[in-house]
Every structure is written in C-alpha cells, then in structure tokens.
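**Student:** Compact mmCIF, C-alpha atoms, saved as start.txt, coming up:
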```txt
# COMPACT_ATOMS: atom_id res chain seq x y z
CA MET A 1 82.45 85.20 156.13
CA HIS A 2 83.49 85.37 152.48
CA TYR A 3 87.00 85.52 151.08
CA THR A 4 87.64 89.13 150.07
CA LEU A 5 90.44 90.93 148.25
CA GLU A 6 90.68 94.61 147.38
CA MET A 7 93.46 96.16 145.32
CA ARG A 8 92.38 99.46 143.86
CA GLY A 9 94.03 101.62 141.24
CA ARG A 10 97.48 101.63 139.72
CA TYR A 11 100.95 101.29 141.29
CA ILE A 12 103.96 102.71 139.45
CA GLN A 13 107.50 102.32 140.82
CA GLY A 14 110.91 103.14 139.48
CA PRO A 15 113.34 105.99 138.75
CA GLY A 16 111.56 108.93 137.16
CA ALA A 17 108.10 107.50 137.86
CA ILE A 18 106.95 110.89 139.12
CA HIS A 19 106.82 112.16 135.54
CA GLU A 20 103.96 109.73 134.86
CA ILE A 21 101.66 111.40 137.38
CA GLY A 22 99.95 113.76 134.95
CA ARG A 23 99.09 111.04 132.46
CA PHE A 24 97.28 108.94 135.05
CA THR A 25 95.82 111.72 137.21
CA ALA A 26 94.10 113.33 134.22
CA GLY A 27 91.51 110.57 134.25
CA LEU A 28 90.67 111.27 137.89
CA GLY A 29 90.12 115.04 137.89
CA ASP A 30 91.14 118.34 136.36
CA LYS A 31 92.21 120.24 139.50
CA ALA A 32 94.44 118.71 142.14
CA LEU A 33 95.04 119.69 145.74
CA LEU A 34 98.75 119.06 146.18
CA MET A 35 99.70 118.68 149.84
CA GLY A 36 102.86 117.60 151.64
CA GLY A 37 105.51 118.81 154.03
CA PRO A 38 108.13 121.38 152.98
CA THR A 39 110.84 118.80 152.28
CA ALA A 40 108.54 116.54 150.27
CA LEU A 41 107.24 119.48 148.23
CA SER A 42 110.76 120.78 147.56
CA LEU A 43 111.67 117.39 146.09
CA THR A 44 108.58 116.89 143.97
CA GLN A 45 106.45 119.98 143.38
CA VAL A 46 108.07 121.18 140.17
CA ALA A 47 108.05 117.75 138.52
CA ILE A 48 104.47 117.02 139.61
CA SER A 49 103.13 120.43 138.58
CA ASP A 50 104.84 120.24 135.18
CA SER A 51 103.47 116.76 134.52
CA LEU A 52 99.96 117.74 135.59
CA LYS A 53 100.05 120.91 133.49
CA GLU A 54 101.12 118.91 130.45
CA HIS A 55 97.91 116.90 130.85
CA ASN A 56 95.64 119.87 131.57
CA VAL A 57 95.32 119.34 135.32
CA ASP A 58 95.47 122.55 137.38
CA THR A 59 96.95 122.58 140.88
CA VAL A 60 96.47 124.28 144.22
CA VAL A 61 99.33 123.70 146.67
CA ASN A 62 99.25 123.81 150.46
CA ARG A 63 101.78 122.67 153.02
CA PHE A 64 101.01 119.93 155.49
CA ARG A 65 101.65 121.27 159.00
CA GLY A 66 103.18 118.06 160.26
CA THR A 67 100.49 116.52 162.46
CA HIS A 68 97.90 114.02 161.26
CA ASP A 69 94.71 114.96 163.10
CA ASP A 70 91.11 115.94 162.42
CA ASP A 71 91.87 119.68 162.49
CA GLU A 72 94.55 119.40 159.82
CA ILE A 73 92.35 117.18 157.66
CA GLU A 74 89.49 119.69 157.86
CA ARG A 75 91.75 122.69 157.20
CA LEU A 76 93.06 121.14 154.00
CA ALA A 77 89.64 119.79 153.00
CA LYS A 78 88.25 123.33 153.15
CA ILE A 79 91.04 124.47 150.85
CA ALA A 80 89.98 121.74 148.44
CA ASP A 81 86.36 122.94 148.70
CA GLU A 82 87.21 126.59 148.14
CA SER A 83 89.57 125.94 145.23
CA GLY A 84 87.31 123.48 143.45
CA ALA A 85 89.88 120.71 143.63
CA ASN A 86 88.44 117.36 142.57
CA VAL A 87 91.44 115.10 143.24
CA VAL A 88 93.85 114.93 146.19
CA ILE A 89 97.58 114.28 145.82
CA GLY A 90 99.42 113.47 149.05
CA ILE A 91 103.21 113.66 149.09
CA GLY A 92 105.72 112.56 151.73
CA GLY A 93 105.77 110.06 154.58
CA GLY A 94 103.13 108.30 156.64
CA GLN A 95 101.53 111.25 158.46
CA ALA A 96 101.18 113.39 155.32
CA LEU A 97 99.80 110.48 153.32
CA ASP A 98 97.35 109.51 156.05
CA THR A 99 96.18 113.12 156.15
CA SER A 100 95.61 113.10 152.40
CA LYS A 101 93.48 109.97 152.87
CA GLY A 102 91.42 111.83 155.44
CA ILE A 103 90.79 114.66 153.00
CA SER A 104 89.88 112.19 150.26
CA HIS A 105 87.47 110.26 152.48
CA SER A 106 85.83 113.32 154.02
CA ARG A 107 85.07 114.87 150.62
CA GLY A 108 84.71 111.76 148.47
CA LEU A 109 87.59 112.76 146.21
CA PRO A 110 89.92 110.43 144.28
CA LEU A 111 93.30 109.97 145.93
CA VAL A 112 96.84 109.89 144.56
CA GLN A 113 99.78 109.03 146.82
CA VAL A 114 103.43 109.99 146.21
CA PRO A 115 105.71 108.56 148.91
CA THR A 116 109.12 110.19 149.26
CA VAL A 117 110.30 107.56 151.77
CA ALA A 118 109.73 103.80 152.03
CA SER A 119 109.04 103.78 155.76
CA THR A 120 105.57 102.20 155.86
CA ASP A 121 102.86 100.63 153.71
CA ALA A 122 100.70 103.75 154.14
CA PRO A 123 100.83 104.72 150.43
CA CYS A 124 98.97 101.59 149.29
CA ALA A 125 96.43 101.46 152.12
CA GLY A 126 93.13 103.28 152.38
CA GLY A 127 92.00 103.23 148.77
CA PRO A 128 94.33 105.32 146.60
CA LEU A 129 93.60 105.14 142.89
CA LEU A 130 97.20 105.90 141.96
CA VAL A 131 100.50 105.40 143.80
CA ILE A 132 103.70 106.82 142.34
CA ALA A 133 106.87 105.52 144.03
CA ASP A 134 109.80 107.29 142.37
CA THR A 135 112.83 105.36 143.61
CA GLU A 136 115.21 108.05 142.37
CA ILE A 137 113.70 110.25 145.10
CA ILE A 138 113.27 107.53 147.73
CA VAL A 139 116.86 106.27 147.49
CA LYS A 140 118.04 109.72 148.63
CA SER A 141 115.91 109.60 151.78
CA PRO A 142 117.48 108.82 155.19
CA PRO A 143 118.20 105.05 155.43
CA ARG A 144 116.58 104.95 158.86
CA TYR A 145 113.18 105.34 157.17
CA THR A 146 113.79 102.52 154.72
CA VAL A 147 114.92 100.25 157.56
CA ALA A 148 111.80 101.16 159.55
CA GLY A 149 109.76 100.17 156.51
CA MET A 150 111.49 96.79 156.53
CA GLY A 151 110.50 96.41 160.17
CA ASP A 152 106.88 97.18 159.36
CA ALA A 153 106.94 94.78 156.38
CA LEU A 154 108.40 91.96 158.48
CA SER A 155 105.33 92.01 160.73
CA THR A 156 102.99 91.40 157.79
CA PRO A 157 103.31 87.62 157.27
CA PHE A 158 103.24 86.77 160.96
CA GLU A 159 100.15 88.86 161.64
CA ALA A 160 98.52 87.51 158.49
CA GLU A 161 99.13 83.94 159.62
CA ALA A 162 97.70 84.67 163.08
CA CYS A 163 94.57 86.18 161.54
CA ILE A 164 94.09 83.27 159.18
CA LYS A 165 94.55 80.68 161.93
CA SER A 166 92.07 82.47 164.20
CA SER A 167 89.54 83.24 161.42
CA ALA A 168 89.85 86.95 162.22
CA PRO A 169 88.47 89.38 159.64
CA ASN A 170 90.67 91.44 157.36
CA PHE A 171 90.08 95.15 156.72
CA ARG A 172 87.51 94.28 154.08
CA GLU A 173 85.34 92.33 156.53
CA GLY A 174 86.25 89.00 155.03
CA ARG A 175 88.76 86.17 155.06
CA ALA A 176 92.21 86.34 153.50
CA THR A 177 92.66 84.94 150.02
CA GLU A 178 95.71 82.91 149.06
CA LEU A 179 96.82 85.81 146.86
CA ALA A 180 96.83 88.20 149.82
CA TYR A 181 98.68 85.71 152.01
CA ALA A 182 101.26 85.16 149.27
CA ALA A 183 101.88 88.93 149.16
CA ALA A 184 102.29 88.95 152.94
CA LYS A 185 104.79 86.08 152.91
CA LEU A 186 106.80 87.72 150.13
CA CYS A 187 107.49 90.61 152.52
CA TYR A 188 109.56 88.32 154.74
CA ASP A 189 111.36 86.62 151.85
CA ILE A 190 112.36 89.87 150.16
CA VAL A 191 113.35 91.78 153.28
CA MET A 192 115.48 88.98 154.69
CA GLU A 193 117.22 88.38 151.35
CA HIS A 194 117.72 91.93 150.13
CA GLY A 195 117.42 94.19 153.17
CA ILE A 196 121.11 94.48 154.07
CA GLU A 197 122.17 95.30 150.51
CA ALA A 198 119.27 97.71 150.07
CA LYS A 199 120.29 99.62 153.18
CA ARG A 200 123.85 99.87 151.86
CA CYS A 201 122.56 101.23 148.54
CA ASN A 202 120.36 103.72 150.37
CA GLU A 203 123.35 104.93 152.37
CA GLU A 204 125.22 105.48 149.12
CA GLY A 205 122.23 107.01 147.33
CA ARG A 206 122.59 104.31 144.70
CA LEU A 207 119.70 102.54 142.96
CA SER A 208 119.86 98.76 142.63
CA GLU A 209 117.58 95.79 142.11
CA ALA A 210 117.79 95.08 145.85
CA PHE A 211 116.59 98.59 146.69
CA GLU A 212 113.72 98.36 144.20
CA LYS A 213 112.63 95.06 145.74
CA ILE A 214 112.67 96.53 149.25
CA VAL A 215 110.59 99.54 148.20
CA GLU A 216 108.06 97.14 146.69
CA ALA A 217 107.99 94.99 149.84
CA ASN A 218 107.73 97.95 152.23
CA THR A 219 105.14 99.81 150.20
CA LEU A 220 103.05 97.57 147.95
CA LEU A 221 103.29 94.01 149.27
CA SER A 222 102.93 94.98 152.91
CA GLY A 223 99.95 97.22 152.12
CA VAL A 224 98.16 94.54 150.11
CA GLY A 225 99.06 91.92 152.70
CA TYR A 226 97.90 93.68 155.84
CA GLU A 227 94.69 95.16 154.45
CA ASN A 228 93.59 91.87 152.95
CA CYS A 229 94.84 89.54 155.71
CA GLY A 230 94.57 91.64 158.87
CA LEU A 231 96.66 92.73 161.85
CA SER A 232 97.40 90.86 165.05
CA ILE A 233 99.72 91.05 168.06
CA ALA A 234 102.53 93.29 166.76
CA HIS A 235 100.23 96.12 165.69
CA GLY A 236 97.99 95.55 168.69
CA LEU A 237 101.00 96.33 170.89
CA TRP A 238 101.91 99.36 168.76
CA ASN A 239 98.39 100.74 168.98
CA GLY A 240 98.50 100.31 172.75
CA PHE A 241 101.97 101.71 173.36
CA LYS A 242 101.59 104.72 171.09
CA ARG A 243 98.94 105.97 173.53
CA VAL A 244 101.50 106.04 176.36
CA ASP A 245 102.78 109.52 177.19
CA GLY A 246 106.31 109.94 175.94
CA PHE A 247 106.45 106.84 173.74
CA ARG A 248 105.48 108.06 170.29
CA GLU A 249 106.46 111.66 170.99
CA SER A 250 110.07 110.53 171.43
CA GLY A 251 110.51 110.21 167.67
CA THR A 252 110.03 106.45 167.53
CA LEU A 253 109.17 105.48 163.97
CA HIS A 254 106.16 103.24 163.42
CA GLY A 255 108.17 100.50 161.73
CA GLU A 256 110.90 100.49 164.39
CA ALA A 257 108.40 99.86 167.18
CA VAL A 258 106.38 97.36 165.14
CA ALA A 259 109.58 95.46 164.34
CA TRP A 260 110.29 94.98 168.03
CA PHE A 261 106.69 94.08 168.80
CA THR A 262 106.95 91.47 166.04
CA LEU A 263 109.69 89.81 168.10
CA VAL A 264 107.31 89.81 171.07
CA GLN A 265 104.69 88.12 168.89
CA LEU A 266 107.18 85.45 167.84
CA VAL A 267 108.06 84.78 171.48
CA LEU A 268 104.39 84.53 172.41
CA GLU A 269 103.85 82.07 169.57
CA GLY A 270 106.69 79.87 170.79
CA ARG A 271 108.80 80.14 167.65
CA SER A 272 112.09 78.29 167.80
CA ASP A 273 115.23 79.88 169.22
CA GLU A 274 116.91 79.31 165.85
CA PHE A 275 114.22 81.25 164.00
CA ILE A 276 114.17 84.15 166.47
CA ASN A 277 117.97 84.34 166.49
CA GLU A 278 117.94 84.55 162.70
CA MET A 279 115.56 87.49 162.96
CA LEU A 280 117.71 89.14 165.62
CA ALA A 281 120.83 88.74 163.49
CA PHE A 282 119.06 90.60 160.70
CA TYR A 283 117.81 93.29 163.09
CA ASN A 284 121.34 93.87 164.37
CA ALA A 285 122.72 93.96 160.82
CA VAL A 286 120.34 96.68 159.63
CA ASP A 287 120.02 98.47 163.00
CA LEU A 288 116.45 97.73 164.01
CA PRO A 289 115.74 97.83 167.77
CA VAL A 290 116.36 94.54 169.56
CA ALA A 291 115.74 95.59 173.18
CA LEU A 292 113.80 98.13 175.21
CA ASP A 293 116.89 100.10 176.19
CA ASP A 294 117.21 101.24 172.57
CA SER A 295 116.82 105.02 172.39
CA ARG A 296 114.26 104.65 169.59
CA LEU A 297 112.04 102.77 172.05
CA VAL A 298 112.68 105.54 174.60
CA ASN A 299 114.37 103.11 177.00
CA ALA A 300 110.85 102.17 178.09
CA SER A 301 110.37 102.20 181.85
CA ARG A 302 108.35 99.68 183.85
CA ASP A 303 105.54 102.24 184.17
CA MET A 304 105.52 102.75 180.40
CA ILE A 305 105.35 99.01 179.81
CA ASP A 306 102.53 98.60 182.33
CA ALA A 307 100.54 101.39 180.69
CA GLY A 308 101.25 100.09 177.18
CA VAL A 309 100.09 96.59 178.03
CA GLU A 310 96.98 97.94 179.74
CA PHE A 311 96.02 99.92 176.64
CA THR A 312 96.87 96.98 174.40
CA MET A 313 94.62 94.57 176.27
CA GLU A 314 91.48 96.70 175.91
CA PRO A 315 88.53 95.06 174.13
CA GLY A 316 88.69 95.37 170.36
CA SER A 317 92.48 95.32 170.17
CA SER A 318 93.99 93.36 167.29
CA ILE A 319 96.15 91.55 169.86
CA TYR A 320 93.23 89.14 170.21
CA TYR A 321 93.37 88.23 166.49
CA THR A 322 95.40 85.11 167.20
CA PRO A 323 94.70 81.49 168.08
CA LEU A 324 96.52 82.10 171.37
CA SER A 325 94.74 82.87 174.64
CA LEU A 326 96.42 86.02 175.96
CA ASP A 327 96.23 87.99 179.16
CA ALA A 328 98.25 90.91 180.55
CA ASN A 329 100.61 88.69 182.57
CA THR A 330 101.43 86.53 179.54
CA VAL A 331 102.18 89.62 177.47
CA HIS A 332 104.32 91.14 180.24
CA ASP A 333 106.34 87.93 180.46
CA ALA A 334 106.87 87.86 176.68
CA ILE A 335 108.04 91.48 176.69
CA ARG A 336 110.58 90.76 179.41
CA GLN A 337 111.74 87.59 177.65
CA THR A 338 112.07 89.36 174.29
CA ASP A 339 114.04 92.17 175.91
CA ALA A 340 116.46 89.70 177.48
CA ILE A 341 116.94 87.75 174.24
CA GLY A 342 117.50 90.97 172.33
CA ARG A 343 120.13 92.27 174.76
CA ALA A 344 121.98 88.96 174.57
CA SER A 345 121.95 89.05 170.76
CA ARG A 346 124.14 92.14 170.71
CA ASN A 347 127.05 90.14 172.05
CA SER A 348 126.57 87.03 169.93
```
Using structure tokens, write down the structure that the file contains.
**Tutor:**
Amino acid sequence: MHYTLEMRGRYIQGPGAIHEIGRFTAGLGDKALLMGGPTALSLTQVAISDSLKEHNVDTVVNRFRGTHDDDEIERLAKIADESGANVVIGIGGGQALDTSKGISHSRGLPLVQVPTVASTDAPCAGGPLLVIADTEIIVKSPPRYTVAGMGDALSTPFEAEACIKSSAPNFREGRATELAYAAAKLCYDIVMEHGIEAKRCNEEGRLSEAFEKIVEANTLLSGVGYENCGLSIAHGLWNGFKRVDGFRESGTLHGEAVAWFTLVQLVLEGRSDEFINEMLAFYNAVDLPVALDDSRLVNASRDMIDAGVEFTMEPGSSIYYTPLSLDANTVHDAIRQTDAIGRASRNS
C-alpha cells in the first residue's frame, strides 16, 4: 500500500472572503447551481450572485429542503440538468454541503463549498475545487456549532494515530503521509490552545486570531487529516449510534457525539488519567458533552447503548481500524467507564 495524499482545489478563509467566489468560480464553469437552506441563502445569496455576475457566471438558485438523502440529491441534480448548470455551489452546514457533493458526484460537475458554520470538516472533504470560509459570516453563527466543530476536530489526531499504527487505509486507499498526520495533530494543538477564547469571541460575534485558527482547524485541517489518515473508533461509534432510533433525530450534532466517542476511544486505548482529565476539563469549559445523561446525547438508555454497540461492531466498521482487539463487551465497558469519569468531572 502506497503513501497517498490528496488536497484538491483552493481554500480561502477570512472576513469578506465570499466576495472572491466569482473570481475563482469563473474558471470552473459559466452557470452555477446555487443551493442551500433558507438561512444560509439569506446570508450569502446577494454577495455570491453579485460576485459571480461580475465574472460572467450565471446562477440558478434552489433551496435545500433540509434532509441529505438520495431523493434530495436527485431533485437538485435534475434542476442542474434542466438549467444547464455546469458548476455546483453548496452553502450552509454539513447536510447541505454533503448534498451538494452528491449532486457534483452524480453529474460530474465541479464543486464549490461555502460553509456558514464551522461545525464539521465537511466543506473540505469529498473533492471540492474551491472552499470559501467567510469568517465574518461564520462568527455570527450559533457558538454551539463552532464548539461541535471543535469536538469533531479533536477526534482527528487520535483516529489518525490508530489508523497509522494498525496500517489501516485512508480514504484514498493508501497510507498516511507525514504531512497528513501533521495536519491531524495540529487540530488538537489549536483547539486545546485557542478553543475557549474562540468560543467567547463567537458568543460576542467578534473576529479574532483565535477564532480564525479554530475555523481553520475545524474545517481545513480536520478535513485534510481525516481523509488522508483515516477514521477509527470515535467515528465507528458515531456511525453505529446514528442508526439507533431516536439518537440522531434528537438534534445531536455530529461533532458533539464524536467528541464524546473520542473520550471512549481514549479510555479503550488506556490513556492516562491525567490526559483524559485534561480533555474533560476542556470539554466542560466549552460545553461539550462529558456523559450520557447530557441532553445532546439524548440521555441514552441501556437499550440505545446496546443497539448502538451492535451496529458499531458490524463487519466493515472503522472501529476495527486500531491496533486494539475489540469486542462488544470491551466497548460496553469503556462506554460505562467513560460515562462515570465524565459525570465525576463535573464536580471536580
């Protein structure tokens, strides 16, 4: 298995970055399908359309209906077909951006991503040729989303390390390069150093160097890190639990759940109490879930946990991308232990 690294296209981040979209989209196509939810479009549509028009790119606009599934992808892809759109611009959060990727892949069209929150690494995954992260827009988004993005980013180095140690493949069917692993490790360094201040700035709607660094970690570094290193236990648990009735539908954000499952991974790996307590102190400071009775983890019942572990342990799960030998009982024990440690941390 060869070492592989893929980083496509251009990433632009900063206040007012959205006004650059026309200049760089013009080289990809001359008619853009602009899709996003109503809030995302209200924040960006005028600026995007004006910038595209300035560079002779026409637009057709359609609202994302809120659910990332095959039907929504096909509905919007047909609009692209009928309008003659030859580039796709996705705007918003994870579900809208993932839907825009589906349109792009199904029709072979170039993809542009415009995140309006910093809640996941979705914007930089899946082959976009241009990502525009306008922090003047993102800093006005609900802080909960930025914090969830920190939770997602924090999983990146630990899952990367597990994949490297177990010689598991990355998403490019190869081994992680040192460059990819460096990006993954930077996620932890930046989030732990700047996360608390960045959340404060987000709450105040105020741009700062700390907030810019967190947007980069949540969006770019985590995306480069996970695609080119791979996923392991934390996302294996997420992919299992999100199939449990009532878990994802409760409004749990991807990064919130992944953050907690990262703690489970650390417990399984036998990390020191000092290290885990440092993580828990950060979680409590920024308000990431530390225990299963957290409302964002739907106060998961025993039946939910049993079902989540059963789904997680199916063949092909990324939970097996680790040098550890895992079975359902071991994972159950780690979940209970993590829950107990997390509850205790609230009083420390």
**Student:** Env of Val87 in chain A: 7 Å cut, atoms = all atoms listed in the file, seq-sep filter 5 positions within chain, self excluded. Answer as a ChimeraX atom specification.
**Tutor:** /A:28-29,31-33,109-111
**Student:** For those residues, write C-alpha atoms to a file as a compact mmCIF listing (two decimals), keeping the file's coordinate frame.
**Tutor:**
```txt
# COMPACT_ATOMS: atom_id res chain seq x y z
CA LEU A 28 90.67 111.27 137.89
CA GLY A 29 90.12 115.04 137.89
CA LYS A 31 92.21 120.24 139.50
CA ALA A 32 94.44 118.71 142.14
CA LEU A 33 95.04 119.69 145.74
CA LEU A 109 87.59 112.76 146.21
CA PRO A 110 89.92 110.43 144.28
CA LEU A 111 93.30 109.97 145.93
```
**Student:** Here's a test: counting all atoms listed in the file, identify every protein, DNA and RNA residue with an atom at most 9 Å from (105.4, 106.8, 138.5) in the file's coordinate frame, and state them as a list of chain:residue names.
**Tutor:**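 The requested residues, written out, are A:Tyr11, A:Ile12, A:Gln13, A:Gly14, A:Pro15, A:Gly16, A:Ala17, A:Ile18, A:His19, A:Glu20, A:Ile21, A:Val114, A:Leu130, A:Val131, A:Ile132, A:Ala133, A:Asp134.
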**Student:** What is the CA of Ser222 in chain A to CA of Cys201 in chain A distance in Å?
**Tutor:**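 Interatomic distance, CA of Ser222 in chain A to CA of Cys201 in chain A: 21.1 Å.
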**Student:** Show me, as number ranges by chain, the residues that have an atom within 12 Å of Asn347 in chain A when counting all atoms listed in the file, minus same-chain residues fewer than 2 positions from it.
**Tutor:** A: 280-281, 284, 290, 340-345
**Student:** Given only C-alpha atoms as the basis, pick out the residue of A:Gly225, A:Gly36, A:Pro289, A:Pro323 nearest to Arg172 in chain A.
**Tutor:**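 Closest to Arg172 in chain A, using only C-alpha atoms: A:Gly225.
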**Student:** I'd like the neighbourhood of Asn202 in chain A as a list in words, where a residue qualifies if any of its atoms comes within 9 Å (using only C-alpha atoms), though same-chain residues fewer than 6 positions away should be ignored.
**Tutor:** Ile138, Val139, Lys140, Ser141, Pro142, Pro143, Thr146 and Phe211 of chain A
**Student:** Quick one: pull the distance between CA of Glu278 in chain A and CA of Thr177 in chain A, Å, one decimal.
**Tutor:**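 Between CA of Glu278 in chain A and CA of Thr177 in chain A the gap works out to 28.3 Å.
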**Student:** Near Leu129 in chain A, counting all atoms listed in the file, which residues have an atom at most 10 Å away, once you skip same-chain residues fewer than 3 positions from it, shown as a PyMOL selection string?
**Tutor:** chain A and resi 7-11+24-25+28+110-113+124+126
**Student:** Using only C-alpha atoms, find the one residue out of A:Ser83, A:Thr156, A:Asn170, A:Thr252 that sits nearest to Leu221 in chain A.
**Tutor:** A:Thr156
**Student:** Which residue gives the smallest distance to Asp287 in chain A among A:Ala182, A:Met313, A:Ala148, A:Leu263, with all atoms listed in the file counted?
**Tutor:**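 Of A:Ala182, A:Met313, A:Ala148, A:Leu263, the one nearest Asp287 in chain A is A:Ala148, counting all atoms listed in the file.
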